[in-house]
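Participant: Sharing a structure with you now.
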Amino acid sequence: MDRLERLVDRDPYHVAGYRGYAAGTRALVLGRAMEDEGIAVPDPGASRWRNLIHALKRLESDPLPFARVGVTIAGHEIELRADDEGFLRAWVDLPAPLPDGGWHPVTFQLRDPGRAASPGAAELLTRGPASRFGVISDMDDTVLQSRVTDFVRAAGTVLLENARTRLPFPGVAAFYRALMGGRGADANPIFYVSNSPWNLYDVISDFLAAQEIPAGPLLLRDLDLGLRLRPRPPHKPGAIAEILATYPDLPFILVGDSGQEDPEIYSAVVRDHPGRILAVYIRNVRPHPERLAAVRELAARVVADGSALVLADDTLAAARHAAEHGWLDPAALGEIAGDKRADAGETGAKAPAPGIEPGAEAPPVVVERPGDLP
C-alpha cells in the first residue's frame, strides 16, 4: 500500500496477535498488522452464506506493510517492524526468563502516525520443569477434518463452515488432553504446525477452544498468492526444526496424517534428530497404495532410531500405544473412548463428527521392530 492509498483508506487497522513460545530469555513473537474486518464471533447456527462472507473477508484481509509495532512482554518493551505483508515474526531477547510453565501475555500497539488502532494481544508458552515430552501435531486431517486431499471438498469446508461447525476427528480432544498430562508446570507442551494460512488463525484457535482441545502455539503459513522470483522454503520442516532446537533436552511425539506430506517430513525429522522422537502417530485418512511407500520409509527410520510408528484410522489405537509406554495415564483411555463415541454421534452429547467413512476402517499398524514393517 503506498502513501496516497493509506491517506485515502481510513478503515481501522489492528495488530492480530498469534500464540508463540519462549525458552530462557528468548521468545518467538508472532502477529500481523492489518485491516480490522469486523468478523463476528462464530455462531453454530450461522448460514453458509454468512460463513462464506466472513471467509472471503479473511482471505482478502488488507495488511499494513512495514508497520511499526510496539511489543510488551513482562514489562519489557521493544519495537518491531512488520514485513511487506504486515507480518511480525521475530525472536526477541528478554532481560530475564519468563516463569516456567504456562502462558504469558504479550501486547501489541500499532505505532503508525495518524492511524488509531486498538491494542492487540497474544500469549507465549513456556514449558514447565515437570514436562516429560512435547507434542508436535499437524492440524488439517489430523485434528480438524479438512479433506485437504480433495480440493473441492476442502474449499467448501474452508469457505462454508466456521469454528463452531467444523468437526474434529473422534476422540482427539480427550487424547490430546491426556498427552498434555496436566496444567502449568506439569503440562507437556503441544505445538500445532500446519500448512493452513494465517488468514484462518482465528477459525482454528476458536475451533480448539470450542472442542476443548488443548491450546498450543499455532504455526501457520503465509497464503502467498502472489508471484515471487524466489519461492518460499517449505513451512513445516523449518517450524518443526525450530521447536526442537528451542527445547534441545525435550523428546517429542509427532502426530500427522497420511493424506499429504507428513510421512516424508517426519521421516526427515527422525533422521535429523536421532533419539529425540518417542513415537510417530499417523492418521490413515487416505488408504491408497501409493502412500504405503512413504509410510514404510518413515517406519524404517523410526525403528532404526529406536522409536515407534502407529498408522491407524482410529485415535484410540494411538492412545493405547501411548498408554502402554507410559506417555499418558491408562485411566484416560476410558475418557478417550467416550469422547470418540460422543464425537461419532453415538451418545447425543455432541454433534456427530464421523471422520472415516463407514466401512473404510483398516486395522492399525504398529511398527516397533524391523519385522513389524508393513
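Ligands are numbered from 1 in the order shown, residues from 1 within each chain, and chains are lettered A, B, ... in the order they appear in the C-alpha cells.
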Need the shell around Ala121 (chain A): protein/DNA/RNA residues with any atom at most 7 Å away, counting only C-alpha atoms. Skip same-chain ones fewer than 6 positions apart. Format as a ChimeraX atom specification?

Facilitator: /A:17,106-108

Participant: With C-alpha atoms retained, could you export that selection as an mmCIF file, in the first residue's frame?

Facilitator:
data_model
loop_
_atom_site.group_PDB
_atom_site.id
_atom_site.type_symbol
_atom_site.label_atom_id
_atom_site.label_comp_id
_atom_site.auth_asym_id
_atom_site.auth_seq_id
_atom_site.Cartn_x
_atom_site.Cartn_y
_atom_site.Cartn_z
ATOM 1 C CA GLY A 17 -1.518 -11.400 17.839
ATOM 2 C CA VAL A 106 2.090 -10.208 25.006
ATOM 3 C CA THR A 107 0.572 -6.889 23.978
ATOM 4 C CA PHE A 108 0.893 -5.099 20.638
#

Participant: Counting only C-alpha atoms, figure out which residue out of A:Ala174, A:Asp112, A:Arg301, A:Asp93 gets nearest to Ala331 (chain A).

Facilitator: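 Selected residue with least distance to Ala331 (chain A): A:Ala174.
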
Participant: What's around Ser194 (chain A) at 9 Å? Count only C-alpha atoms, leave out sequence neighbours fewer than 4 positions away in its own chain, and write the answer as a PyMOL selection string.

Facilitator: chain A and resi 137-140+218-221+235-236

Participant: Between A:Trp327, A:Tyr13, A:Phe191, A:Phe175, single out the one closest to Leu110 (chain A), counting only C-alpha atoms.

Facilitator: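 With only C-alpha atoms as the atom set, the closest residue is A:Tyr13.
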
Participant: Could you give me, as a PyMOL selection string, the residues within 12 Å of Ile190 (chain A), counting only C-alpha atoms and dropping anything in the same chain fewer than 5 positions from it?

Facilitator: chain A and resi 19-21+102+125-127+131-139+175-183+213-219+240+243+252-255

Participant: Pull N, CA and C atoms from the residues just selected and write them as an mmCIF file, in the first residue's frame.

Facilitator:
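Heads up, here's the output in part_4.cif:
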data_model
loop_
_atom_site.group_PDB
_atom_site.id
_atom_site.type_symbol
_atom_site.label_atom_id
_atom_site.label_comp_id
_atom_site.auth_asym_id
_atom_site.auth_seq_id
_atom_site.Cartn_x
_atom_site.Cartn_y
_atom_site.Cartn_z
ATOM 1 N N ARG A 19 -0.299 -16.869 18.943
ATOM 2 C CA ARG A 19 0.415 -17.536 20.037
ATOM 3 C C ARG A 19 1.825 -17.936 19.595
ATOM 4 N N GLY A 20 2.796 -17.630 20.451
ATOM 5 C CA GLY A 20 4.174 -18.036 20.213
ATOM 6 C C GLY A 20 4.685 -18.865 21.378
ATOM 7 N N TYR A 21 5.998 -18.955 21.494
ATOM 8 C CA TYR A 21 6.570 -19.729 22.601
ATOM 9 C C TYR A 21 7.909 -19.134 22.987
ATOM 10 N N GLY A 102 3.212 -22.726 31.385
ATOM 11 C CA GLY A 102 2.002 -21.934 31.201
ATOM 12 C C GLY A 102 2.148 -20.852 30.158
ATOM 13 N N LEU A 125 3.992 -19.451 25.219
ATOM 14 C CA LEU A 125 4.026 -20.680 26.014
ATOM 15 C C LEU A 125 5.445 -20.977 26.460
ATOM 16 N N THR A 126 5.598 -21.311 27.738
ATOM 17 C CA THR A 126 6.869 -21.831 28.232
ATOM 18 C C THR A 126 6.632 -23.233 28.793
ATOM 19 N N ARG A 127 7.588 -24.102 28.621
ATOM 20 C CA ARG A 127 7.468 -25.461 29.163
ATOM 21 C C ARG A 127 7.767 -25.450 30.647
ATOM 22 N N SER A 131 7.655 -31.087 32.597
ATOM 23 C CA SER A 131 7.293 -31.591 31.267
ATOM 24 C C SER A 131 8.200 -32.760 30.900
ATOM 25 N N ARG A 132 7.588 -33.889 30.503
ATOM 26 C CA ARG A 132 8.369 -35.081 30.154
ATOM 27 C C ARG A 132 8.652 -35.170 28.666
ATOM 28 N N PHE A 133 7.775 -34.585 27.861
ATOM 29 C CA PHE A 133 7.949 -34.587 26.406
ATOM 30 C C PHE A 133 7.056 -33.505 25.826
ATOM 31 N N GLY A 134 7.244 -33.223 24.552
ATOM 32 C CA GLY A 134 6.371 -32.304 23.846
ATOM 33 C C GLY A 134 5.648 -33.035 22.733
ATOM 34 N N VAL A 135 4.603 -32.420 22.223
ATOM 35 C CA VAL A 135 3.833 -32.970 21.103
ATOM 36 C C VAL A 135 3.840 -31.951 19.974
ATOM 37 N N ILE A 136 4.178 -32.396 18.779
ATOM 38 C CA ILE A 136 4.069 -31.567 17.581
ATOM 39 C C ILE A 136 3.024 -32.223 16.693
ATOM 40 N N SER A 137 1.957 -31.489 16.427
ATOM 41 C CA SER A 137 0.832 -32.056 15.698
ATOM 42 C C SER A 137 0.522 -31.242 14.452
ATOM 43 N N ASP A 138 0.226 -31.944 13.378
ATOM 44 C CA ASP A 138 -0.402 -31.320 12.221
ATOM 45 C C ASP A 138 -1.812 -30.904 12.622
ATOM 46 N N MET A 139 -2.481 -30.133 11.779
ATOM 47 C CA MET A 139 -3.844 -29.716 12.075
ATOM 48 C C MET A 139 -4.843 -30.315 11.076
ATOM 49 N N PHE A 175 -7.766 -37.283 23.776
ATOM 50 C CA PHE A 175 -6.426 -37.828 23.536
ATOM 51 C C PHE A 175 -5.365 -36.760 23.780
ATOM 52 N N TYR A 176 -5.558 -35.560 23.248
ATOM 53 C CA TYR A 176 -4.567 -34.506 23.415
ATOM 54 C C TYR A 176 -4.532 -34.005 24.855
ATOM 55 N N ARG A 177 -5.681 -33.983 25.524
ATOM 56 C CA ARG A 177 -5.675 -33.611 26.941
ATOM 57 C C ARG A 177 -4.870 -34.630 27.751
ATOM 58 N N ALA A 178 -5.009 -35.901 27.406
ATOM 59 C CA ALA A 178 -4.256 -36.942 28.121
ATOM 60 C C ALA A 178 -2.765 -36.821 27.850
ATOM 61 N N LEU A 179 -2.387 -36.518 26.598
ATOM 62 C CA LEU A 179 -0.971 -36.334 26.283
ATOM 63 C C LEU A 179 -0.395 -35.118 27.009
ATOM 64 N N MET A 180 -1.188 -34.060 27.137
ATOM 65 C CA MET A 180 -0.726 -32.870 27.858
ATOM 66 C C MET A 180 -0.444 -33.218 29.314
ATOM 67 N N GLY A 181 -1.292 -34.047 29.903
ATOM 68 C CA GLY A 181 -0.993 -34.642 31.196
ATOM 69 C C GLY A 181 -1.138 -33.760 32.412
ATOM 70 N N GLY A 182 -1.488 -32.503 32.277
ATOM 71 C CA GLY A 182 -1.612 -31.623 33.432
ATOM 72 C C GLY A 182 -1.724 -30.184 32.980
ATOM 73 N N ARG A 183 -1.491 -29.279 33.904
ATOM 74 C CA ARG A 183 -1.545 -27.864 33.574
ATOM 75 C C ARG A 183 -0.335 -27.158 34.165
ATOM 76 N N ILE A 213 -9.972 -28.782 22.969
ATOM 77 C CA ILE A 213 -8.681 -29.352 22.600
ATOM 78 C C ILE A 213 -7.609 -28.431 23.164
ATOM 79 N N PRO A 214 -6.564 -28.950 23.801
ATOM 80 C CA PRO A 214 -5.574 -28.082 24.442
ATOM 81 C C PRO A 214 -5.006 -27.040 23.486
ATOM 82 N N ALA A 215 -4.871 -25.824 24.002
ATOM 83 C CA ALA A 215 -4.281 -24.750 23.213
ATOM 84 C C ALA A 215 -2.779 -24.976 23.084
ATOM 85 N N GLY A 216 -2.229 -24.476 22.018
ATOM 86 C CA GLY A 216 -0.795 -24.523 21.789
ATOM 87 C C GLY A 216 -0.431 -23.472 20.770
ATOM 88 N N PRO A 217 0.844 -23.133 20.642
ATOM 89 C CA PRO A 217 1.241 -22.225 19.571
ATOM 90 C C PRO A 217 0.759 -22.763 18.222
ATOM 91 N N LEU A 218 0.158 -21.880 17.422
ATOM 92 C CA LEU A 218 -0.305 -22.248 16.081
ATOM 93 C C LEU A 218 0.680 -21.664 15.078
ATOM 94 N N LEU A 219 1.413 -22.531 14.424
ATOM 95 C CA LEU A 219 2.448 -22.097 13.492
ATOM 96 C C LEU A 219 1.941 -22.368 12.083
ATOM 97 N N ILE A 240 9.188 -27.122 12.587
ATOM 98 C CA ILE A 240 9.448 -28.246 13.496
ATOM 99 C C ILE A 240 10.885 -28.199 13.997
ATOM 100 N N ILE A 243 11.307 -25.639 16.768
ATOM 101 C CA ILE A 243 10.795 -26.086 18.068
ATOM 102 C C ILE A 243 11.801 -27.014 18.740
ATOM 103 N N PHE A 252 10.045 -35.653 21.827
ATOM 104 C CA PHE A 252 8.761 -35.268 21.232
ATOM 105 C C PHE A 252 8.032 -36.464 20.649
ATOM 106 N N ILE A 253 6.702 -36.332 20.620
ATOM 107 C CA ILE A 253 5.822 -37.218 19.857
ATOM 108 C C ILE A 253 5.310 -36.417 18.663
ATOM 109 N N LEU A 254 5.354 -37.010 17.475
ATOM 110 C CA LEU A 254 4.863 -36.358 16.263
ATOM 111 C C LEU A 254 3.531 -36.988 15.868
ATOM 112 N N VAL A 255 2.553 -36.148 15.537
ATOM 113 C CA VAL A 255 1.234 -36.630 15.129
ATOM 114 C C VAL A 255 0.879 -35.988 13.793
#

Participant: Tell me which protein, DNA and RNA residues are within 12 Å of Glu77 (chain A), counting only C-alpha atoms, leaving out same-chain ones fewer than 2 positions away, and put them as a PyMOL selection string.

Facilitator: chain A and resi 69-75+79-80+92-95+106-109

Participant: Rounded to one decimal in Å, what is the spacing between CA of Gly238 (chain A) and CA of Gly86 (chain A)?

Facilitator: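 Result for CA of Gly238 (chain A) versus CA of Gly86 (chain A): 20.8 Å, one decimal.
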
Participant: Have a look at A:Pro263, A:Pro99, A:Pro251, A:Pro330 and name the one nearest to Ala279 (chain A); count only C-alpha atoms.

Facilitator: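 That would be A:Pro251, the residue with the smallest distance to Ala279 (chain A).
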
Participant: How many Å separate CA of Leu311 (chain A) from CA of Val365 (chain A)?

Facilitator: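 Going from CA of Leu311 (chain A) over to CA of Val365 (chain A), I get 5.0 Å.
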
Participant: Using DSSP assignments from the backbone, pull out every residue in region 55-104 of chain A that falls under alpha helix (DSSP H) and give it to me as a list in words.

Facilitator: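 Alpha helix (DSSP H) members of region 55-104 of chain A, listed: Ala55, Leu56, Lys57, Arg58 and Leu59 of chain A.
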
Participant: What does the structure give for the distance between CA of Glu261 (chain A) and CA of Pro274 (chain A), in Å to one decimal?

Facilitator: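 According to the coordinates, CA of Glu261 (chain A) and CA of Pro274 (chain A) are separated by 20.3 Å.
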
Participant: Measuring between only C-alpha atoms, which one of A:Ala342, A:Ala268, A:Ala117, A:Val367 shows the shortest distance to Gly306 (chain A)?

Facilitator: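 Smallest distance to Gly306 (chain A) is found for A:Val367.
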
Participant: So that I can check the surroundings of Arg32 (chain A), please list as a ChimeraX atom specification every protein, DNA and RNA residue that reaches within 12 Å of it, counting only C-alpha atoms and ignoring chain neighbours fewer than 6 positions away.

Facilitator: /A:13-19,61-69,80-90,108-110,120-122,198-199,201,222

Participant: Generate a file of the selected residues that holds N, CA and C atoms, formatted as an mmCIF file, in the first residue's frame.

Facilitator:
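Final output, saved to out-v1.cif:
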data_model
loop_
_atom_site.group_PDB
_atom_site.id
_atom_site.type_symbol
_atom_site.label_atom_id
_atom_site.label_comp_id
_atom_site.auth_asym_id
_atom_site.auth_seq_id
_atom_site.Cartn_x
_atom_site.Cartn_y
_atom_site.Cartn_z
ATOM 1 N N TYR A 13 -7.322 -0.212 11.512
ATOM 2 C CA TYR A 13 -6.337 -1.288 11.478
ATOM 3 C C TYR A 13 -6.107 -1.805 12.898
ATOM 4 N N HIS A 14 -5.558 -2.977 13.002
ATOM 5 C CA HIS A 14 -5.208 -3.526 14.305
ATOM 6 C C HIS A 14 -4.050 -4.490 14.119
ATOM 7 N N VAL A 15 -3.489 -4.929 15.231
ATOM 8 C CA VAL A 15 -2.454 -5.961 15.201
ATOM 9 C C VAL A 15 -3.070 -7.230 15.760
ATOM 10 N N ALA A 16 -3.194 -8.239 14.915
ATOM 11 C CA ALA A 16 -3.690 -9.542 15.354
ATOM 12 C C ALA A 16 -2.510 -10.312 15.930
ATOM 13 N N GLY A 17 -2.588 -10.648 17.205
ATOM 14 C CA GLY A 17 -1.518 -11.400 17.839
ATOM 15 C C GLY A 17 -1.727 -12.897 17.689
ATOM 16 N N TYR A 18 -0.649 -13.632 17.483
ATOM 17 C CA TYR A 18 -0.687 -15.090 17.351
ATOM 18 C C TYR A 18 0.135 -15.718 18.473
ATOM 19 N N ARG A 19 -0.299 -16.869 18.943
ATOM 20 C CA ARG A 19 0.415 -17.536 20.037
ATOM 21 C C ARG A 19 1.825 -17.936 19.595
ATOM 22 N N SER A 61 -8.015 -10.011 3.509
ATOM 23 C CA SER A 61 -7.538 -9.086 4.534
ATOM 24 C C SER A 61 -6.429 -8.175 4.010
ATOM 25 N N ASP A 62 -6.570 -6.868 4.281
ATOM 26 C CA ASP A 62 -5.609 -5.876 3.813
ATOM 27 C C ASP A 62 -4.528 -5.666 4.858
ATOM 28 N N PRO A 63 -3.282 -6.005 4.543
ATOM 29 C CA PRO A 63 -2.203 -5.824 5.513
ATOM 30 C C PRO A 63 -1.724 -4.377 5.544
ATOM 31 N N LEU A 64 -0.974 -4.068 6.579
ATOM 32 C CA LEU A 64 -0.331 -2.770 6.712
ATOM 33 C C LEU A 64 1.180 -3.010 6.594
ATOM 34 N N PRO A 65 1.729 -2.855 5.389
ATOM 35 C CA PRO A 65 3.138 -3.201 5.172
ATOM 36 C C PRO A 65 4.079 -2.334 6.007
ATOM 37 N N PHE A 66 5.128 -2.965 6.508
ATOM 38 C CA PHE A 66 6.229 -2.290 7.191
ATOM 39 C C PHE A 66 5.763 -1.462 8.394
ATOM 40 N N ALA A 67 4.663 -1.894 9.005
ATOM 41 C CA ALA A 67 4.132 -1.175 10.165
ATOM 42 C C ALA A 67 5.115 -1.237 11.330
ATOM 43 N N ARG A 68 5.175 -0.152 12.087
ATOM 44 C CA ARG A 68 5.935 -0.132 13.326
ATOM 45 C C ARG A 68 5.002 -0.556 14.459
ATOM 46 N N VAL A 69 5.425 -1.543 15.219
ATOM 47 C CA VAL A 69 4.568 -2.111 16.254
ATOM 48 C C VAL A 69 5.347 -2.186 17.567
ATOM 49 N N LEU A 80 9.044 -3.571 16.845
ATOM 50 C CA LEU A 80 9.292 -4.440 15.707
ATOM 51 C C LEU A 80 8.749 -3.793 14.436
ATOM 52 N N ARG A 81 9.313 -4.159 13.315
ATOM 53 C CA ARG A 81 8.855 -3.679 12.016
ATOM 54 C C ARG A 81 8.269 -4.845 11.241
ATOM 55 N N ALA A 82 7.016 -4.688 10.783
ATOM 56 C CA ALA A 82 6.367 -5.734 10.001
ATOM 57 C C ALA A 82 7.020 -5.849 8.629
ATOM 58 N N ASP A 83 6.786 -7.007 7.963
ATOM 59 C CA ASP A 83 7.325 -7.179 6.618
ATOM 60 C C ASP A 83 6.373 -6.564 5.590
ATOM 61 N N ASP A 84 6.605 -6.855 4.311
ATOM 62 C CA ASP A 84 5.820 -6.218 3.260
ATOM 63 C C ASP A 84 4.365 -6.680 3.238
ATOM 64 N N GLU A 85 4.021 -7.738 3.984
ATOM 65 C CA GLU A 85 2.638 -8.199 4.066
ATOM 66 C C GLU A 85 2.058 -8.021 5.461
ATOM 67 N N GLY A 86 2.714 -7.194 6.257
ATOM 68 C CA GLY A 86 2.204 -6.877 7.579
ATOM 69 C C GLY A 86 2.550 -7.877 8.663
ATOM 70 N N PHE A 87 3.302 -8.939 8.340
ATOM 71 C CA PHE A 87 3.587 -9.985 9.318
ATOM 72 C C PHE A 87 4.711 -9.573 10.259
ATOM 73 N N LEU A 88 4.548 -9.968 11.511
ATOM 74 C CA LEU A 88 5.585 -9.844 12.537
ATOM 75 C C LEU A 88 6.036 -11.247 12.902
ATOM 76 N N ARG A 89 7.314 -11.502 12.776
ATOM 77 C CA ARG A 89 7.873 -12.777 13.217
ATOM 78 C C ARG A 89 9.302 -12.521 13.658
ATOM 79 N N ALA A 90 9.522 -12.545 14.953
ATOM 80 C CA ALA A 90 10.848 -12.195 15.451
ATOM 81 C C ALA A 90 11.149 -12.924 16.744
ATOM 82 N N PHE A 108 0.416 -5.761 21.847
ATOM 83 C CA PHE A 108 0.893 -5.099 20.638
ATOM 84 C C PHE A 108 0.213 -3.736 20.522
ATOM 85 N N GLN A 109 0.967 -2.729 20.102
ATOM 86 C CA GLN A 109 0.391 -1.415 19.855
ATOM 87 C C GLN A 109 0.946 -0.864 18.548
ATOM 88 N N LEU A 110 0.048 -0.581 17.616
ATOM 89 C CA LEU A 110 0.456 -0.025 16.335
ATOM 90 C C LEU A 110 0.999 1.383 16.527
ATOM 91 N N GLY A 120 -3.447 -4.974 20.475
ATOM 92 C CA GLY A 120 -3.644 -6.398 20.237
ATOM 93 C C GLY A 120 -3.005 -7.207 21.347
ATOM 94 N N ALA A 121 -3.328 -8.483 21.399
ATOM 95 C CA ALA A 121 -2.822 -9.336 22.472
ATOM 96 C C ALA A 121 -2.567 -10.739 21.956
ATOM 97 N N ALA A 122 -1.634 -11.411 22.596
ATOM 98 C CA ALA A 122 -1.340 -12.811 22.306
ATOM 99 C C ALA A 122 -0.731 -13.418 23.562
ATOM 100 N N TRP A 198 -2.306 -18.115 7.673
ATOM 101 C CA TRP A 198 -2.559 -17.269 8.837
ATOM 102 C C TRP A 198 -3.944 -16.648 8.784
ATOM 103 N N ASN A 199 -4.502 -16.473 7.595
ATOM 104 C CA ASN A 199 -5.843 -15.891 7.473
ATOM 105 C C ASN A 199 -6.888 -16.686 8.251
ATOM 106 N N TYR A 201 -6.294 -18.192 11.182
ATOM 107 C CA TYR A 201 -5.837 -18.365 12.559
ATOM 108 C C TYR A 201 -6.998 -18.317 13.545
ATOM 109 N N ASP A 222 2.131 -18.228 5.395
ATOM 110 C CA ASP A 222 1.625 -17.135 4.584
ATOM 111 C C ASP A 222 0.864 -17.718 3.397
#

Participant: Restricting the calculation to only C-alpha atoms: of A:Asp314, A:Glu242, A:Glu123, A:Asp339, which residue gets closest to Gln211 (chain A)?

Facilitator: A:Asp339
